[in-house]
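A.B. asks: First the structure, which I've put down as structure tokens, then a few questions once you've had a look.
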Amino acid sequence: MSKAGFLGNDPHRGTVLAETRGWVLFKIEVNGEWLALKLASKVVQAKGNYWLGWNGERLACNRDAAILNTCHPDVYDWVISVLEGVSS
């Protein structure tokens with residue numbers, strides 16, 4: 001029996017901040033000092049969507065950020081590098 005996998009979903013709002021072969025990072029909205037983001041997988045993963053927050057210095061300490069850092073540390077680092085470039 002195979003494990004189920006998921007593709008990320010287009011958030012239907014927001015703009016694309018960055019894209020790689022396997023991932024798309026969307027800027028959804030600014031809420032106070034936080035930028036709401038969605039990271040969507042373009043290939044089947046155990047989890048296809050990650051909701052993230054960025055305050056200009058760090059990612060919010062939420063469940064999705066922790067899972068992303070554990071399961072895809074290279075993608076986590078890529079997201080931070082993209083956001084640091086946007087913030088500067």
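Going by the structure tokens order, chains are called A, B, ..., each with residues numbered from 1, while ligands are numbered from 1 in the order shown.
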Just list as a PyMOL selection string whatever in chain A DSSP marks as alpha helix (DSSP H).

C.D. replies: chain A and resi 63-71+73-87

A.B. asks: Could you name the residues that touch range 59-71 of chain A at 8 Å or less, counting only C-alpha atoms, but leaving out those on the same chain fewer than 6 positions away, as a PyMOL selection string?

C.D. replies: chain A and resi 50-53+80

A.B. asks: Taking only C-alpha atoms into account, name the residue in A:Val75, A:Asn31, A:Ala40, A:Glu84 that is nearest to His12 in chain A.

C.D. replies: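 Counting only C-alpha atoms, the residue closest to His12 in chain A is A:Ala40.
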
A.B. asks: Env of Leu35 in chain A: 12 Å cut, atoms = only C-alpha atoms, seq-sep filter 3 positions within chain, self excluded. Answer as JSON, numbers by chain.

C.D. replies: {"A": [14, 17, 26, 27, 28, 29, 30, 31, 32, 38, 51, 52, 53, 54, 55, 56, 57, 58, 59, 60, 83, 86, 87]}

A.B. asks: Quick one: distance from CA of Lys42 in chain A to CA of Trp23 in chain A in Å, one decimal?

C.D. replies: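 We find that CA of Lys42 in chain A and CA of Trp23 in chain A lie 5.4 Å from each other.
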
A.B. asks: Could you pull out the strand (DSSP E) residues of chain A from DSSP and send them as a PyMOL selection string?

C.D. replies: chain A and resi 15-19+23-31+34-41+49-54

A.B. asks: Can you write out the residues you just picked, keeping C-alpha atoms, as a PDB file, in the first residue's frame?

C.D. replies:
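Generated output (out_14.pdb):
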```pdb
ATOM      1  CA  THR A  15       1.433  37.173  -5.841  1.00  0.00           C
ATOM      2  CA  VAL A  16       4.333  34.865  -6.596  1.00  0.00           C
ATOM      3  CA  LEU A  17       7.470  35.938  -4.718  1.00  0.00           C
ATOM      4  CA  ALA A  18       9.722  33.140  -5.955  1.00  0.00           C
ATOM      5  CA  GLU A  19       9.599  29.794  -7.681  1.00  0.00           C
ATOM      6  CA  TRP A  23       8.036  24.959  -5.038  1.00  0.00           C
ATOM      7  CA  VAL A  24       6.172  28.261  -5.356  1.00  0.00           C
ATOM      8  CA  LEU A  25       6.266  30.920  -2.616  1.00  0.00           C
ATOM      9  CA  PHE A  26       3.256  33.254  -2.566  1.00  0.00           C
ATOM     10  CA  LYS A  27       2.875  36.575  -0.748  1.00  0.00           C
ATOM     11  CA  ILE A  28      -0.708  36.589   0.526  1.00  0.00           C
ATOM     12  CA  GLU A  29      -1.082  39.751   2.604  1.00  0.00           C
ATOM     13  CA  VAL A  30       0.533  42.033   5.156  1.00  0.00           C
ATOM     14  CA  ASN A  31      -1.067  41.946   8.589  1.00  0.00           C
ATOM     15  CA  TRP A  34       3.768  40.191   9.597  1.00  0.00           C
ATOM     16  CA  LEU A  35       3.755  39.091   5.991  1.00  0.00           C
ATOM     17  CA  ALA A  36       1.455  36.114   5.377  1.00  0.00           C
ATOM     18  CA  LEU A  37       2.912  33.566   2.963  1.00  0.00           C
ATOM     19  CA  LYS A  38       1.983  30.289   1.377  1.00  0.00           C
ATOM     20  CA  LEU A  39       4.526  27.784   0.118  1.00  0.00           C
ATOM     21  CA  ALA A  40       3.039  25.288  -2.330  1.00  0.00           C
ATOM     22  CA  SER A  41       4.666  22.156  -3.670  1.00  0.00           C
ATOM     23  CA  ASN A  49       1.007  23.409   1.481  1.00  0.00           C
ATOM     24  CA  TYR A  50       2.767  25.398   4.168  1.00  0.00           C
ATOM     25  CA  TRP A  51       1.376  28.604   5.696  1.00  0.00           C
ATOM     26  CA  LEU A  52       4.158  30.843   6.965  1.00  0.00           C
ATOM     27  CA  GLY A  53       4.615  34.271   8.509  1.00  0.00           C
ATOM     28  CA  TRP A  54       7.590  36.645   8.160  1.00  0.00           C
TER      29      TRP A  54
END
```
